[in-house]
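S.K.: Please find my_file.pdb (PDB, C-alpha atoms) on the next line:
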```pdb
MODEL        1
ATOM      1  CA  MET A   1      49.720 136.708 -71.953  1.00  0.00           C
ATOM      2  CA  ALA A   2      50.034 135.225 -75.436  1.00  0.00           C
ATOM      3  CA  LEU A   3      48.801 131.752 -76.229  1.00  0.00           C
ATOM      4  CA  LEU A   4      51.341 128.966 -76.558  1.00  0.00           C
ATOM      5  CA  GLN A   5      52.368 128.282 -80.155  1.00  0.00           C
ATOM      6  CA  ALA A   6      51.094 124.697 -79.968  1.00  0.00           C
ATOM      7  CA  ASN A   7      47.634 125.989 -79.014  1.00  0.00           C
ATOM      8  CA  LYS A   8      47.740 128.634 -81.740  1.00  0.00           C
ATOM      9  CA  ASP A   9      48.518 125.874 -84.230  1.00  0.00           C
ATOM     10  CA  LEU A  10      45.589 123.787 -82.964  1.00  0.00           C
ATOM     11  CA  ILE A  11      43.262 126.787 -83.260  1.00  0.00           C
ATOM     12  CA  SER A  12      44.453 127.378 -86.827  1.00  0.00           C
ATOM     13  CA  THR A  13      43.953 123.715 -87.731  1.00  0.00           C
ATOM     14  CA  GLY A  14      40.508 123.661 -86.138  1.00  0.00           C
ATOM     15  CA  MET A  15      39.477 126.763 -88.053  1.00  0.00           C
ATOM     16  CA  LYS A  16      40.645 125.285 -91.358  1.00  0.00           C
ATOM     17  CA  GLU A  17      38.817 122.011 -90.724  1.00  0.00           C
ATOM     18  CA  PHE A  18      35.648 123.812 -89.612  1.00  0.00           C
ATOM     19  CA  ASN A  19      35.741 125.963 -92.734  1.00  0.00           C
ATOM     20  CA  VAL A  20      35.964 122.812 -94.874  1.00  0.00           C
ATOM     21  CA  LEU A  21      32.938 121.415 -93.031  1.00  0.00           C
ATOM     22  CA  LEU A  22      30.934 124.575 -93.686  1.00  0.00           C
ATOM     23  CA  ASN A  23      31.914 124.650 -97.353  1.00  0.00           C
ATOM     24  CA  GLN A  24      30.801 121.033 -97.834  1.00  0.00           C
ATOM     25  CA  GLN A  25      27.235 121.677 -96.729  1.00  0.00           C
ATOM     26  CA  VAL A  26      24.391 121.305 -99.181  1.00  0.00           C
ATOM     27  CA  PHE A  27      21.500 123.568 -98.283  1.00  0.00           C
ATOM     28  CA  ASP A  28      18.175 121.904 -97.610  1.00  0.00           C
ATOM     29  CA  TYR A  29      14.835 123.703 -97.410  1.00  0.00           C
ATOM     30  CA  SER A  30      13.545 121.219 -94.845  1.00  0.00           C
ATOM     31  CA  ILE A  31      15.953 122.577 -92.208  1.00  0.00           C
ATOM     32  CA  THR A  32      14.657 125.758 -90.611  1.00  0.00           C
ATOM     33  CA  GLU A  33      16.946 128.660 -89.813  1.00  0.00           C
ATOM     34  CA  GLU A  34      16.560 127.966 -86.093  1.00  0.00           C
ATOM     35  CA  ASP A  35      17.477 124.315 -86.584  1.00  0.00           C
ATOM     36  CA  MET A  36      20.541 125.263 -88.636  1.00  0.00           C
ATOM     37  CA  VAL A  37      21.703 127.533 -85.803  1.00  0.00           C
ATOM     38  CA  VAL A  38      21.380 124.576 -83.407  1.00  0.00           C
ATOM     39  CA  ILE A  39      23.263 122.315 -85.833  1.00  0.00           C
ATOM     40  CA  VAL A  40      26.110 124.831 -86.202  1.00  0.00           C
ATOM     41  CA  ASP A  41      26.287 125.287 -82.410  1.00  0.00           C
ATOM     42  CA  ASP A  42      26.517 121.502 -82.082  1.00  0.00           C
ATOM     43  CA  TRP A  43      29.357 121.433 -84.615  1.00  0.00           C
ATOM     44  CA  VAL A  44      31.209 124.116 -82.644  1.00  0.00           C
ATOM     45  CA  ASN A  45      30.782 122.084 -79.455  1.00  0.00           C
ATOM     46  CA  ILE A  46      32.038 118.934 -81.192  1.00  0.00           C
ATOM     47  CA  TYR A  47      35.171 120.782 -82.310  1.00  0.00           C
ATOM     48  CA  ILE A  48      35.733 122.244 -78.842  1.00  0.00           C
ATOM     49  CA  ASN A  49      35.378 118.798 -77.253  1.00  0.00           C
ATOM     50  CA  PHE A  50      37.692 117.281 -79.863  1.00  0.00           C
ATOM     51  CA  TYR A  51      40.447 119.854 -79.332  1.00  0.00           C
ATOM     52  CA  ARG A  52      40.098 120.163 -75.525  1.00  0.00           C
ATOM     53  CA  PRO A  53      42.412 117.236 -74.659  1.00  0.00           C
ATOM     54  CA  GLN A  54      44.982 118.396 -77.221  1.00  0.00           C
ATOM     55  CA  MET A  55      45.470 121.874 -75.724  1.00  0.00           C
ATOM     56  CA  THR A  56      48.713 122.340 -73.812  1.00  0.00           C
ATOM     57  CA  GLY A  57      49.870 124.471 -70.910  1.00  0.00           C
ATOM     58  CA  GLU A  58      48.324 125.293 -67.567  1.00  0.00           C
ATOM     59  CA  LYS A  59      44.569 124.918 -67.108  1.00  0.00           C
ATOM     60  CA  GLN A  60      44.061 128.679 -67.534  1.00  0.00           C
ATOM     61  CA  GLU A  61      46.039 128.651 -70.808  1.00  0.00           C
ATOM     62  CA  GLN A  62      44.009 125.722 -72.099  1.00  0.00           C
ATOM     63  CA  GLU A  63      40.714 127.440 -71.259  1.00  0.00           C
ATOM     64  CA  ARG A  64      41.816 130.681 -72.957  1.00  0.00           C
ATOM     65  CA  ALA A  65      42.810 128.723 -76.061  1.00  0.00           C
ATOM     66  CA  LEU A  66      39.462 126.903 -76.109  1.00  0.00           C
ATOM     67  CA  GLN A  67      37.604 130.189 -75.706  1.00  0.00           C
ATOM     68  CA  GLU A  68      39.555 131.651 -78.612  1.00  0.00           C
ATOM     69  CA  LEU A  69      38.844 128.576 -80.740  1.00  0.00           C
ATOM     70  CA  GLN A  70      35.143 128.819 -79.918  1.00  0.00           C
ATOM     71  CA  GLN A  71      35.076 132.517 -80.805  1.00  0.00           C
ATOM     72  CA  GLU A  72      36.884 131.897 -84.091  1.00  0.00           C
ATOM     73  CA  LEU A  73      34.544 129.043 -85.057  1.00  0.00           C
ATOM     74  CA  LYS A  74      31.481 131.165 -84.315  1.00  0.00           C
ATOM     75  CA  THR A  75      33.003 133.966 -86.407  1.00  0.00           C
ATOM     76  CA  LEU A  76      33.426 131.511 -89.300  1.00  0.00           C
ATOM     77  CA  ALA A  77      29.856 130.285 -88.826  1.00  0.00           C
ATOM     78  CA  ASN A  78      28.256 133.746 -89.081  1.00  0.00           C
ATOM     79  CA  PRO A  79      28.670 134.167 -92.873  1.00  0.00           C
ATOM     80  CA  PHE A  80      27.528 130.567 -93.371  1.00  0.00           C
ATOM     81  CA  LEU A  81      24.359 131.209 -91.361  1.00  0.00           C
ATOM     82  CA  ALA A  82      23.745 134.470 -93.239  1.00  0.00           C
ATOM     83  CA  LYS A  83      24.110 132.608 -96.531  1.00  0.00           C
ATOM     84  CA  TYR A  84      21.679 129.935 -95.314  1.00  0.00           C
ATOM     85  CA  ARG A  85      19.204 132.630 -94.238  1.00  0.00           C
ATOM     86  CA  ALA A  86      19.421 134.193 -97.713  1.00  0.00           C
ATOM     87  CA  PHE A  87      18.925 130.751 -99.267  1.00  0.00           C
ATOM     88  CA  LEU A  88      15.724 130.209 -97.266  1.00  0.00           C
ATOM     89  CA  LYS A  89      14.509 133.728 -98.067  1.00  0.00           C
ATOM     90  CA  SER A  90      15.082 133.193-101.789  1.00  0.00           C
ATOM     91  CA  ARG A  91      12.904 130.093-101.613  1.00  0.00           C
ATOM     92  CA  GLU A  92      10.168 132.049 -99.820  1.00  0.00           C
ATOM     93  CA  ASP A  93      10.387 134.816-102.424  1.00  0.00           C
ATOM     94  CA  LEU A  94      10.211 132.254-105.214  1.00  0.00           C
ATOM     95  CA  ASN A  95       7.140 130.622-103.667  1.00  0.00           C
ATOM     96  CA  ARG A  96       5.390 133.987-103.407  1.00  0.00           C
ATOM     97  CA  ALA A  97       6.233 134.847-107.021  1.00  0.00           C
ATOM     98  CA  VAL A  98       4.780 131.638-108.457  1.00  0.00           C
ATOM     99  CA  PRO A  99       0.976 131.929-108.812  1.00  0.00           C
ATOM    100  CA  SER A 100      -1.005 128.984-107.564  1.00  0.00           C
ATOM    101  CA  SER A 101      -3.202 127.160-110.097  1.00  0.00           C
TER
ENDMDL
END
```
Just give me the structure as structure tokens.
M.R.:
Amino acid sequence: MALLQANKDLISTGMKEFNVLLNQQVFDYSITEEDMVVIVDDWVNIYINFYRPQMTGEKQEQERALQELQQELKTLANPFLAKYRAFLKSREDLNRAVPSS
């Protein structure tokens, strides 16, 4: 059964807004990779909780739409987390390359 168009539109809007959020982030060496994963999971949960009351249709339809939104947000988060991991690794590599005095 296909999702209702209104829910598809909400999912699309949520994805666009979440992508803007990810693109606005400034990387910070003081945040560990594990902490960034927790932060991103919290963001996903905030978006799910924000869009939950806006979903339409029967309860089952709403839950399917929320599951799809959650999956899409996590898919968007994966490249962001990989980029953050690479950022932290580059800092570690830089620290190893610089001789101590």
S.K.: For the file shown, what are the residues hit by the PyMOL selection byres ((chain A and resi 33) around 9), laid out as a list in words?
M.R.: Ile31, Thr32, Glu34, Asp35, Met36, Val37, Val38, Leu81, Tyr84, Arg85 and Leu88 of chain A
S.K.: Can you write just those residues out, C-alpha atoms, as a PDB file, keeping the file's coordinate frame?
M.R.:
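Ended up saving to selection39.pdb:
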```
ATOM      1  CA  ILE A  31      15.953 122.577 -92.208  1.00  0.00           C
ATOM      2  CA  THR A  32      14.657 125.758 -90.611  1.00  0.00           C
ATOM      3  CA  GLU A  34      16.560 127.966 -86.093  1.00  0.00           C
ATOM      4  CA  ASP A  35      17.477 124.315 -86.584  1.00  0.00           C
ATOM      5  CA  MET A  36      20.541 125.263 -88.636  1.00  0.00           C
ATOM      6  CA  VAL A  37      21.703 127.533 -85.803  1.00  0.00           C
ATOM      7  CA  VAL A  38      21.380 124.576 -83.407  1.00  0.00           C
ATOM      8  CA  LEU A  81      24.359 131.209 -91.361  1.00  0.00           C
ATOM      9  CA  TYR A  84      21.679 129.935 -95.314  1.00  0.00           C
ATOM     10  CA  ARG A  85      19.204 132.630 -94.238  1.00  0.00           C
ATOM     11  CA  LEU A  88      15.724 130.209 -97.266  1.00  0.00           C
TER      12      LEU A  88
END
```
S.K.: Find the residues around range 70-72 of chain A up to 8 Å (only C-alpha atoms counted), leave out those fewer than 6 positions away in its own chain, and share them as a list in words.
M.R.: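 Once the adjacent positions are removed, what remains is Met15, Val44 and Ile48 of chain A.
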S.K.: Just to be explicit: take each residue in the selection above, keep C-alpha atoms, and write the result as a PDB file, keeping the file's coordinate frame.
M.R.:
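Below you can see again_14.pdb, which holds the result:
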```
ATOM      1  CA  MET A  15      39.477 126.763 -88.053  1.00  0.00           C
ATOM      2  CA  VAL A  44      31.209 124.116 -82.644  1.00  0.00           C
ATOM      3  CA  ILE A  48      35.733 122.244 -78.842  1.00  0.00           C
TER       4      ILE A  48
END
```
S.K.: For the PyMOL selection byres ((chain A and resi 45) around 12), applied here, can you spell out every residue it catches as a PyMOL selection string?
M.R.: chain A and resi 14+18+38-44+46-52+66-67+69-71+73-74
S.K.: Could you tell me how far CA of Met55 in chain A sits from CA of Leu21 in chain A, in Å to one decimal place?
M.R.: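 One can read the CA of Leu21 in chain A to CA of Met55 in chain A distance as 21.4 Å.
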S.K.: Apply the PyMOL selection byres ((chain A and resi 3) around 8) to the displayed file and report the matching residues as a PyMOL selection string.
M.R.: chain A and resi 1-2+4-5+7-8+61+64-65
S.K.: Quick one: write out the picked residues with C-alpha atoms as a tab-separated table (two decimals), keeping the file's coordinate frame?
M.R.:
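Listed below is the output, selection_19.tsv:
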```tsv
chain	number	residue	atom	x	y	z
A	1	MET	CA	49.72	136.71	-71.95
A	2	ALA	CA	50.03	135.22	-75.44
A	4	LEU	CA	51.34	128.97	-76.56
A	5	GLN	CA	52.37	128.28	-80.16
A	7	ASN	CA	47.63	125.99	-79.01
A	8	LYS	CA	47.74	128.63	-81.74
A	61	GLU	CA	46.04	128.65	-70.81
A	64	ARG	CA	41.82	130.68	-72.96
A	65	ALA	CA	42.81	128.72	-76.06
```
S.K.: Report, in Å to a single decimal, how far apart CA of Asn78 in chain A and CA of Ile11 in chain A are.
M.R.: 17.5 Å
S.K.: Please, can range 1-12 of chain A be completed to all heavy atoms and returned as a PDB file, in the frame of the given file?
M.R.:
```pdb
ATOM      1  N   MET A   1      48.849 137.846 -71.735  1.00  0.00           N
ATOM      2  CA  MET A   1      49.720 136.708 -71.953  1.00  0.00           C
ATOM      3  C   MET A   1      49.330 136.030 -73.266  1.00  0.00           C
ATOM      4  O   MET A   1      48.175 135.699 -73.501  1.00  0.00           O
ATOM      5  CB  MET A   1      49.567 135.751 -70.770  1.00  0.00           C
ATOM      6  CG  MET A   1      50.510 134.605 -70.809  1.00  0.00           C
ATOM      7  SD  MET A   1      50.475 133.787 -69.205  1.00  0.00           S
ATOM      8  CE  MET A   1      50.312 132.121 -69.728  1.00  0.00           C
ATOM      9  N   ALA A   2      50.280 135.831 -74.122  1.00  0.00           N
ATOM     10  CA  ALA A   2      50.034 135.225 -75.436  1.00  0.00           C
ATOM     11  C   ALA A   2      49.814 133.721 -75.295  1.00  0.00           C
ATOM     12  O   ALA A   2      50.343 133.084 -74.394  1.00  0.00           O
ATOM     13  CB  ALA A   2      51.220 135.493 -76.344  1.00  0.00           C
ATOM     14  N   LEU A   3      49.036 133.194 -76.215  1.00  0.00           N
ATOM     15  CA  LEU A   3      48.801 131.752 -76.229  1.00  0.00           C
ATOM     16  C   LEU A   3      50.073 131.018 -76.644  1.00  0.00           C
ATOM     17  O   LEU A   3      50.894 131.539 -77.395  1.00  0.00           O
ATOM     18  CB  LEU A   3      47.685 131.420 -77.217  1.00  0.00           C
ATOM     19  CG  LEU A   3      46.278 131.893 -76.873  1.00  0.00           C
ATOM     20  CD1 LEU A   3      45.331 131.574 -78.022  1.00  0.00           C
ATOM     21  CD2 LEU A   3      45.786 131.256 -75.595  1.00  0.00           C
ATOM     22  N   LEU A   4      50.217 129.801 -76.151  1.00  0.00           N
ATOM     23  CA  LEU A   4      51.341 128.966 -76.558  1.00  0.00           C
ATOM     24  C   LEU A   4      51.230 128.654 -78.053  1.00  0.00           C
ATOM     25  O   LEU A   4      50.126 128.510 -78.589  1.00  0.00           O
ATOM     26  CB  LEU A   4      51.343 127.657 -75.764  1.00  0.00           C
ATOM     27  CG  LEU A   4      51.553 127.778 -74.255  1.00  0.00           C
ATOM     28  CD1 LEU A   4      51.369 126.418 -73.589  1.00  0.00           C
ATOM     29  CD2 LEU A   4      52.943 128.326 -73.961  1.00  0.00           C
ATOM     30  N   GLN A   5      52.363 128.536 -78.718  1.00  0.00           N
ATOM     31  CA  GLN A   5      52.368 128.282 -80.155  1.00  0.00           C
ATOM     32  C   GLN A   5      51.631 127.000 -80.506  1.00  0.00           C
ATOM     33  O   GLN A   5      50.908 126.940 -81.502  1.00  0.00           O
ATOM     34  CB  GLN A   5      53.810 128.239 -80.700  1.00  0.00           C
ATOM     35  CG  GLN A   5      53.871 128.147 -82.202  1.00  0.00           C
ATOM     36  CD  GLN A   5      53.199 129.337 -82.893  1.00  0.00           C
ATOM     37  OE1 GLN A   5      53.412 130.490 -82.530  1.00  0.00           O
ATOM     38  NE2 GLN A   5      52.363 129.054 -83.885  1.00  0.00           N
ATOM     39  N   ALA A   6      51.786 125.966 -79.687  1.00  0.00           N
ATOM     40  CA  ALA A   6      51.094 124.697 -79.968  1.00  0.00           C
ATOM     41  C   ALA A   6      49.583 124.908 -79.972  1.00  0.00           C
ATOM     42  O   ALA A   6      48.871 124.351 -80.819  1.00  0.00           O
ATOM     43  CB  ALA A   6      51.481 123.644 -78.929  1.00  0.00           C
ATOM     44  N   ASN A   7      49.075 125.721 -79.062  1.00  0.00           N
ATOM     45  CA  ASN A   7      47.634 125.989 -79.014  1.00  0.00           C
ATOM     46  C   ASN A   7      47.196 126.859 -80.191  1.00  0.00           C
ATOM     47  O   ASN A   7      46.126 126.650 -80.755  1.00  0.00           O
ATOM     48  CB  ASN A   7      47.252 126.633 -77.685  1.00  0.00           C
ATOM     49  CG  ASN A   7      47.384 125.660 -76.525  1.00  0.00           C
ATOM     50  OD1 ASN A   7      47.440 124.446 -76.727  1.00  0.00           O
ATOM     51  ND2 ASN A   7      47.442 126.173 -75.316  1.00  0.00           N
ATOM     52  N   LYS A   8      48.038 127.815 -80.561  1.00  0.00           N
ATOM     53  CA  LYS A   8      47.740 128.634 -81.740  1.00  0.00           C
ATOM     54  C   LYS A   8      47.634 127.756 -82.981  1.00  0.00           C
ATOM     55  O   LYS A   8      46.750 127.947 -83.819  1.00  0.00           O
ATOM     56  CB  LYS A   8      48.826 129.694 -81.953  1.00  0.00           C
ATOM     57  CG  LYS A   8      48.811 130.819 -80.960  1.00  0.00           C
ATOM     58  CD  LYS A   8      49.929 131.800 -81.294  1.00  0.00           C
ATOM     59  CE  LYS A   8      50.033 132.894 -80.285  1.00  0.00           C
ATOM     60  NZ  LYS A   8      51.126 133.822 -80.598  1.00  0.00           N
ATOM     61  N   ASP A   9      48.538 126.787 -83.085  1.00  0.00           N
ATOM     62  CA  ASP A   9      48.518 125.874 -84.230  1.00  0.00           C
ATOM     63  C   ASP A   9      47.248 125.029 -84.237  1.00  0.00           C
ATOM     64  O   ASP A   9      46.649 124.802 -85.295  1.00  0.00           O
ATOM     65  CB  ASP A   9      49.752 124.969 -84.222  1.00  0.00           C
ATOM     66  CG  ASP A   9      51.045 125.734 -84.474  1.00  0.00           C
ATOM     67  OD1 ASP A   9      50.981 126.896 -84.943  1.00  0.00           O
ATOM     68  OD2 ASP A   9      52.121 125.179 -84.185  1.00  0.00           O
ATOM     69  N   LEU A  10      46.830 124.560 -83.057  1.00  0.00           N
ATOM     70  CA  LEU A  10      45.589 123.787 -82.964  1.00  0.00           C
ATOM     71  C   LEU A  10      44.379 124.633 -83.348  1.00  0.00           C
ATOM     72  O   LEU A  10      43.475 124.156 -84.041  1.00  0.00           O
ATOM     73  CB  LEU A  10      45.406 123.225 -81.549  1.00  0.00           C
ATOM     74  CG  LEU A  10      46.300 122.048 -81.177  1.00  0.00           C
ATOM     75  CD1 LEU A  10      46.162 121.725 -79.695  1.00  0.00           C
ATOM     76  CD2 LEU A  10      45.969 120.831 -82.031  1.00  0.00           C
ATOM     77  N   ILE A  11      44.361 125.874 -82.911  1.00  0.00           N
ATOM     78  CA  ILE A  11      43.262 126.787 -83.260  1.00  0.00           C
ATOM     79  C   ILE A  11      43.219 126.978 -84.772  1.00  0.00           C
ATOM     80  O   ILE A  11      42.157 126.903 -85.394  1.00  0.00           O
ATOM     81  CB  ILE A  11      43.408 128.127 -82.518  1.00  0.00           C
ATOM     82  CG1 ILE A  11      43.161 127.925 -81.022  1.00  0.00           C
ATOM     83  CG2 ILE A  11      42.466 129.182 -83.098  1.00  0.00           C
ATOM     84  CD1 ILE A  11      43.566 129.107 -80.155  1.00  0.00           C
ATOM     85  N   SER A  12      44.372 127.198 -85.374  1.00  0.00           N
ATOM     86  CA  SER A  12      44.453 127.378 -86.827  1.00  0.00           C
ATOM     87  C   SER A  12      43.960 126.137 -87.562  1.00  0.00           C
ATOM     88  O   SER A  12      43.183 126.230 -88.522  1.00  0.00           O
ATOM     89  CB  SER A  12      45.890 127.708 -87.220  1.00  0.00           C
ATOM     90  OG  SER A  12      46.001 127.828 -88.610  1.00  0.00           O
TER      91      SER A  12
END
```
